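For reference, the structure discussed in these notes is given below.
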Amino acid sequence: MKDPNRYLFPAFLIVLGLTAAAAVALLLGGGRRVAGGWDRKPGEIIFTGWGGPEEKAVFRTLVDEFERENPDIHVRYIQVPQNYMQKLQIMMAGGTPPDVFYIPDGDFPAFVVKDAMCPLTDFIAKSAVIKLPEFWPSALSRYRYDPAERMLGRGTLYALPKDIGPFAMYYNKDLFRRGGIPFPSATKPYTWDEAVTVWKRLTVPNRKYPRVMDQFGIAAFTWESAVWSLGGEVISKDGRRFMMADDPRTVEGMQWVADLALKYHCAPTPRESRSFDPGPMFDTGKLACIITGRWAVPHYRTLNFDWDVAPIPVNPRTRKPAGWSGSVGLGIARDCPNKAAAWRFVEFLAGPRGQAVQSLQGFQIPNQRALAYTDVFLQRDKRPRHAEVFIQGAINQRPGIATLAPTTEWLDEFGQRMTPVWDGRLSAAKGLKLMKPYVQKGLDNSWQMDQ
Amino acid sequence: MADGPVSRRSVKRGAMARREALWGYLFVTPPLLGFLIFGFIPILMSLALAFAKWDMFRPPRFAGVSNFARIGADEIVAKSFVNTLVFFIGVPIGMALSLLLALALNRKIRGINWYRAIYYLPAVSSMVAIALLWQWIFNPEKGLLNMELLKLGVKGPEWLQDPLWVKPALILMGVWGGLGPNLILFLAGLQGVPQSLYEAASIDGAKPWQQFLYVTWPMLTPTTFFISVMGAIGAFQYFGQIYIMTQGGPEHASTSYMFYLWQQAFTYYRMGYASALAWVLGIIIIGVTIVQFRVANRWVFYETV
């Protein structure tokens, strides 16, 4: 006897297959229709950025203001609260890059080396608003790339800084007062020796358990500052060679940072600091000094103790101020169909008007010098009292090391292999020597663009 | 040959079965379509990408088998694979513990639902919250684990920062996190064992442990099999805790295969290579699962009704 149901399953499969094929055709067809971008209204540009509610509000205001002045352009503002870079990567991969977007300086190299950015030279040359000599040079250099030589840090500008966030030593004034220690100068940095003396006095052991510290002098000293203050280098100027193992000044700087915990006992040991973020330690008054970027200011303004900023301590022999600043750039996608409109928006955000509005938030210093010396930035009525420390930082600090090579593969390798040095299991000299071939390989990989 | 009435009844039943089958297909269509479009087609595309170089910015370029050749030469792939195999130790340990707990919780004791809820809690908590909790537990100076060890006069290791201890630490955490779901599965299995079998066994004079050995255990083998297959697949794809807690460090001691794959794709822009890595892992998982099914014929007992 024939079972009428036996055709049912094959028939089901055929129908399903056809439907799936139709859906895929529709998706691919749709993809082709909007290939190279979005379905835009005439004069519309797509702008993506991140940030919390405050930043979103600031940019909403800026967008509205821009649209009022440029009625022919409409900005579609897509604010990505989390996983911004992954979202941006996926937009790029999907062939729908935004027209104007935030690009963190550490991610800029990959984007520019992979030819995803639009050069800004011609626009800047014709602009009445953007005057490059007004900008901090170190804020600009990190957005330069020379495609012919494949060199970062010089050549054509591919983005303008949205901001620059220099580092400074934040200190808890209440803890200094309690220790009877005069406040550090806002203009003359401590030498390392002076700093260690002060930090030691600010390190307080617990009364019951003397091996447990109630309070530390310093945490999160940026090792780059130590290396650079001595005149050492991390990687070569062309970004191709890992230099740390070969330069005795670099080795000395790294050892000094490790010794803050291991030898001078004024910083939390790796055991103590690793699982406890120094940020919260400072917030709760258990840490006297912390070195971090300008972006910490809005949060620190909510703390209920008195604090200020001072320059990062310098090596006693060289007395050379050194550190790094973070930045986010404003870029235009290479495939943007309406580059002129996109540029007008970048020009507005990076120019004096946009910068003034953004600076009021407190998390950045303006990308241009003149503006930084006005009350837009200095904000005398608010903490920190000596905001000009950040201006000094903008002058003498460099772009971070993540901006020196296309990806951070080398830096991840460095971080993996640095553990024994921070622990004191290996000296800096030995540790750096051992890691050198691995980190160099990571650097080579990072420049291997065809992978 | 069937006579009239029987034949009519069977025709009627055939029509009903047909309608039922149609409805069945109708209901499975949406998830199947979803899988085809958002699962199967991307899988096929990743197979194509495995033979290409793609940085997500420019169109993919054909690259032959170079991605696979690269896997062979990549030391960290080998290291991450060994790490992944070490993480496997957690699977049998977790199974044994959850079986013990299930046996303990399969009795009529006071507050039984509370116990069950407590053991299941990790399964419904967010990974980030769990990671934060364990970061505190593993803190070398002030963490729960080393504080307790100190009471016994032992100075505990630096768990997550020590290349030697980071894997045991993650295994411990993984076992803890996996207890709940496995426990629930074992409980369901235990409660599916017909009471009549125990009655028959006790009439035959079986002692409790004999009852476990000859009644409970055989009846639980399908559950055990299911958990071991899913556990193996999960262990191969171990990622979340590493991403949050160690980033593969220190010294690559906790880099799992899946974490390395993710890093290649999303931080180093090597989609082609990551696809090749994914396919190699996929094939290994399929291979291991097939072996598990083959071996299962020898020990898994299915009750025939």
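Identifiers in the structure tokens: chain A, B, ... in order shown; residue index from 1 per chain; ligand index from 1 in order shown.
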- Within 7 Å of chain A: residues of chain B, using only C-alpha atoms, as a list in words: Arg18, Leu33, Leu36, Ile37, Lys53, Met56, Phe57, Gln135, Trp136, Asn139, Pro140, Glu141, Glu158, Gly249, Pro250, Glu251, His252, Tyr268 and Arg270 of chain B
Export C-alpha atoms of the chosen residues as a short mmCIF file (atom, residue, chain, number, x, y, z; two decimals), in the first residue's frame?
data_model
loop_
_atom_site.label_atom_id
_atom_site.label_comp_id
_atom_site.auth_asym_id
_atom_site.auth_seq_id
_atom_site.Cartn_x
_atom_site.Cartn_y
_atom_site.Cartn_z
CA ARG B 18 -0.93 13.87 7.19
CA LEU B 33 14.78 28.92 7.78
CA LEU B 36 19.62 28.22 6.89
CA ILE B 37 19.88 31.96 6.31
CA LYS B 53 42.63 36.69 2.89
CA MET B 56 37.16 43.39 6.42
CA PHE B 57 38.16 46.60 4.61
CA GLN B 135 38.36 37.75 40.32
CA TRP B 136 37.83 38.60 43.95
CA ASN B 139 42.79 37.75 44.43
CA PRO B 140 46.18 36.71 45.76
CA GLU B 141 46.23 39.09 48.76
CA GLU B 158 48.68 34.13 42.42
CA GLY B 249 47.64 35.63 29.87
CA PRO B 250 50.01 35.41 31.52
CA GLU B 251 52.49 34.16 28.98
CA HIS B 252 49.68 32.65 26.86
CA TYR B 268 44.28 41.66 14.15
CA ARG B 270 42.62 38.36 9.87
#
- Spatial neighbours of A:Phe183, max dist 12 Å, only C-alpha atoms, sep filter under 6 positions, as a PyMOL selection string: chain A and resi 169-177+189-190+195+198+288-289+306-311+386
Writer output for current selection, N, CA and C atoms, as a CSV table (one decimal), in the first residue's frame:
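After the write, result12.csv holds the following:
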chain,number,residue,atom,x,y,z
A,169,MET,N,49.7,63.7,37.0
A,169,MET,CA,49.6,63.0,38.3
A,169,MET,C,48.5,63.6,39.1
A,170,TYR,N,47.4,62.9,39.3
A,170,TYR,CA,46.4,63.4,40.2
A,170,TYR,C,46.7,63.1,41.6
A,171,TYR,N,46.5,64.0,42.6
A,171,TYR,CA,46.9,63.7,43.9
A,171,TYR,C,45.8,64.1,44.9
A,172,ASN,N,45.6,63.3,45.9
A,172,ASN,CA,44.6,63.5,47.0
A,172,ASN,C,45.2,64.6,48.0
A,173,LYS,N,44.7,65.8,47.9
A,173,LYS,CA,45.2,66.9,48.8
A,173,LYS,C,45.0,66.6,50.3
A,174,ASP,N,43.9,65.9,50.6
A,174,ASP,CA,43.6,65.6,52.0
A,174,ASP,C,44.7,64.7,52.6
A,175,LEU,N,45.1,63.7,51.8
A,175,LEU,CA,46.2,62.8,52.3
A,175,LEU,C,47.5,63.5,52.4
A,176,PHE,N,47.8,64.4,51.5
A,176,PHE,CA,49.0,65.2,51.6
A,176,PHE,C,49.0,66.0,52.9
A,177,ARG,N,47.9,66.7,53.1
A,177,ARG,CA,47.7,67.5,54.4
A,177,ARG,C,47.9,66.6,55.6
A,189,PRO,N,58.1,69.6,37.9
A,189,PRO,CA,57.8,68.2,38.3
A,189,PRO,C,58.8,67.7,39.3
A,190,TYR,N,58.3,66.8,40.2
A,190,TYR,CA,59.2,66.0,41.0
A,190,TYR,C,60.2,65.3,40.2
A,195,ALA,N,60.0,62.1,44.2
A,195,ALA,CA,58.7,61.5,44.2
A,195,ALA,C,58.7,60.3,45.1
A,198,VAL,N,58.4,61.2,48.8
A,198,VAL,CA,57.0,61.6,49.1
A,198,VAL,C,56.1,60.4,49.1
A,288,ALA,N,47.4,57.8,47.3
A,288,ALA,CA,47.6,59.3,47.3
A,288,ALA,C,47.8,59.9,45.9
A,289,CYS,N,48.5,59.1,45.0
A,289,CYS,CA,48.7,59.7,43.7
A,289,CYS,C,48.4,58.6,42.6
A,306,ASP,N,39.4,66.7,48.4
A,306,ASP,CA,40.1,67.7,47.7
A,306,ASP,C,41.2,67.1,46.9
A,307,TRP,N,41.3,67.4,45.6
A,307,TRP,CA,42.4,66.9,44.8
A,307,TRP,C,42.9,67.9,43.7
A,308,ASP,N,44.0,67.7,43.2
A,308,ASP,CA,44.5,68.5,42.1
A,308,ASP,C,45.5,67.7,41.2
A,309,VAL,N,46.1,68.4,40.3
A,309,VAL,CA,47.0,67.7,39.4
A,309,VAL,C,48.3,68.3,39.4
A,310,ALA,N,49.4,67.5,39.1
A,310,ALA,CA,50.8,67.9,39.0
A,310,ALA,C,51.4,67.2,37.8
A,311,PRO,N,52.5,67.7,37.4
A,311,PRO,CA,53.2,67.0,36.3
A,311,PRO,C,53.7,65.6,36.6
A,386,HIS,N,44.8,73.5,39.0
A,386,HIS,CA,45.9,73.8,38.1
A,386,HIS,C,45.8,73.0,36.8
- Task: Apply DSSP to the backbone of this structure and, from stretch 220-310 of chain A, keep only the residues in alpha helix (DSSP H); write these as an NGL selection string.
- Result: :A and (223-229 or 248-262 or 270-273 or 278-283 or 297-300)
- Option closest in space to A:Leu140, from A:Arg385, A:Lys162, A:His74, A:Lys126 [counting only C-alpha atoms]: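 When distances to A:Leu140 are compared using only C-alpha atoms, the smallest one comes from A:Lys162.
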- Query: By how many Å are atom CA of B:Gln161 and atom CA of A:Tyr438 apart?
  - Reply: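 Atom CA of A:Tyr438 lies at a distance of 19.6 Å from atom CA of B:Gln161.
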- Message: Excluding A:Thr61 and its own-chain neighbours fewer than 4 positions away, which residues fall within 12 Å of it when counting only C-alpha atoms? Please give them as an MDAnalysis selection string.
- Response: chainID A and resid 54:57 65:68 75 77 349 353:354 357:358
- Query: Counting only C-alpha atoms, what is within 9 Å of B:Leu277, bar same-chain residues fewer than 5 positions away, as a list in words?
  - Reply: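 Near neighbours after the sequence-gap exclusion: Ala50, Asn67, Phe68, Ile71, Val77, Tyr257, Met258, Leu261, Gly272 and Gly282 of chain B.
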- Item | Which residue of B:Gly189, B:Met271, B:Ala96, B:Val288 approaches B:Pro59 most closely, using only C-alpha atoms |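 For B:Pro59, the nearest of the candidates is B:Met271.
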- Task: Go through A:Leu157, A:Ala342, A:Met254, A:Ala402 and flag the residue nearest A:Pro104, using only C-alpha atoms for the distances.
- Result: A:Ala402
- Task: Run DSSP on the backbone and grab whatever in stretch 24-184 of chain B lands in strand (DSSP E or B); send it over as a list in words.
- Result: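 Taking stretch 24-184 of chain B and keeping strand (DSSP E or B) only, one gets Ala52, Lys53, Arg61 and Phe62 of chain B.
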- Task: Determine the nearest neighbour of A:Gly329 from the options A:Thr403, A:Gln448, A:Thr203, A:Thr121, counting only C-alpha atoms.
- Result: A:Thr403
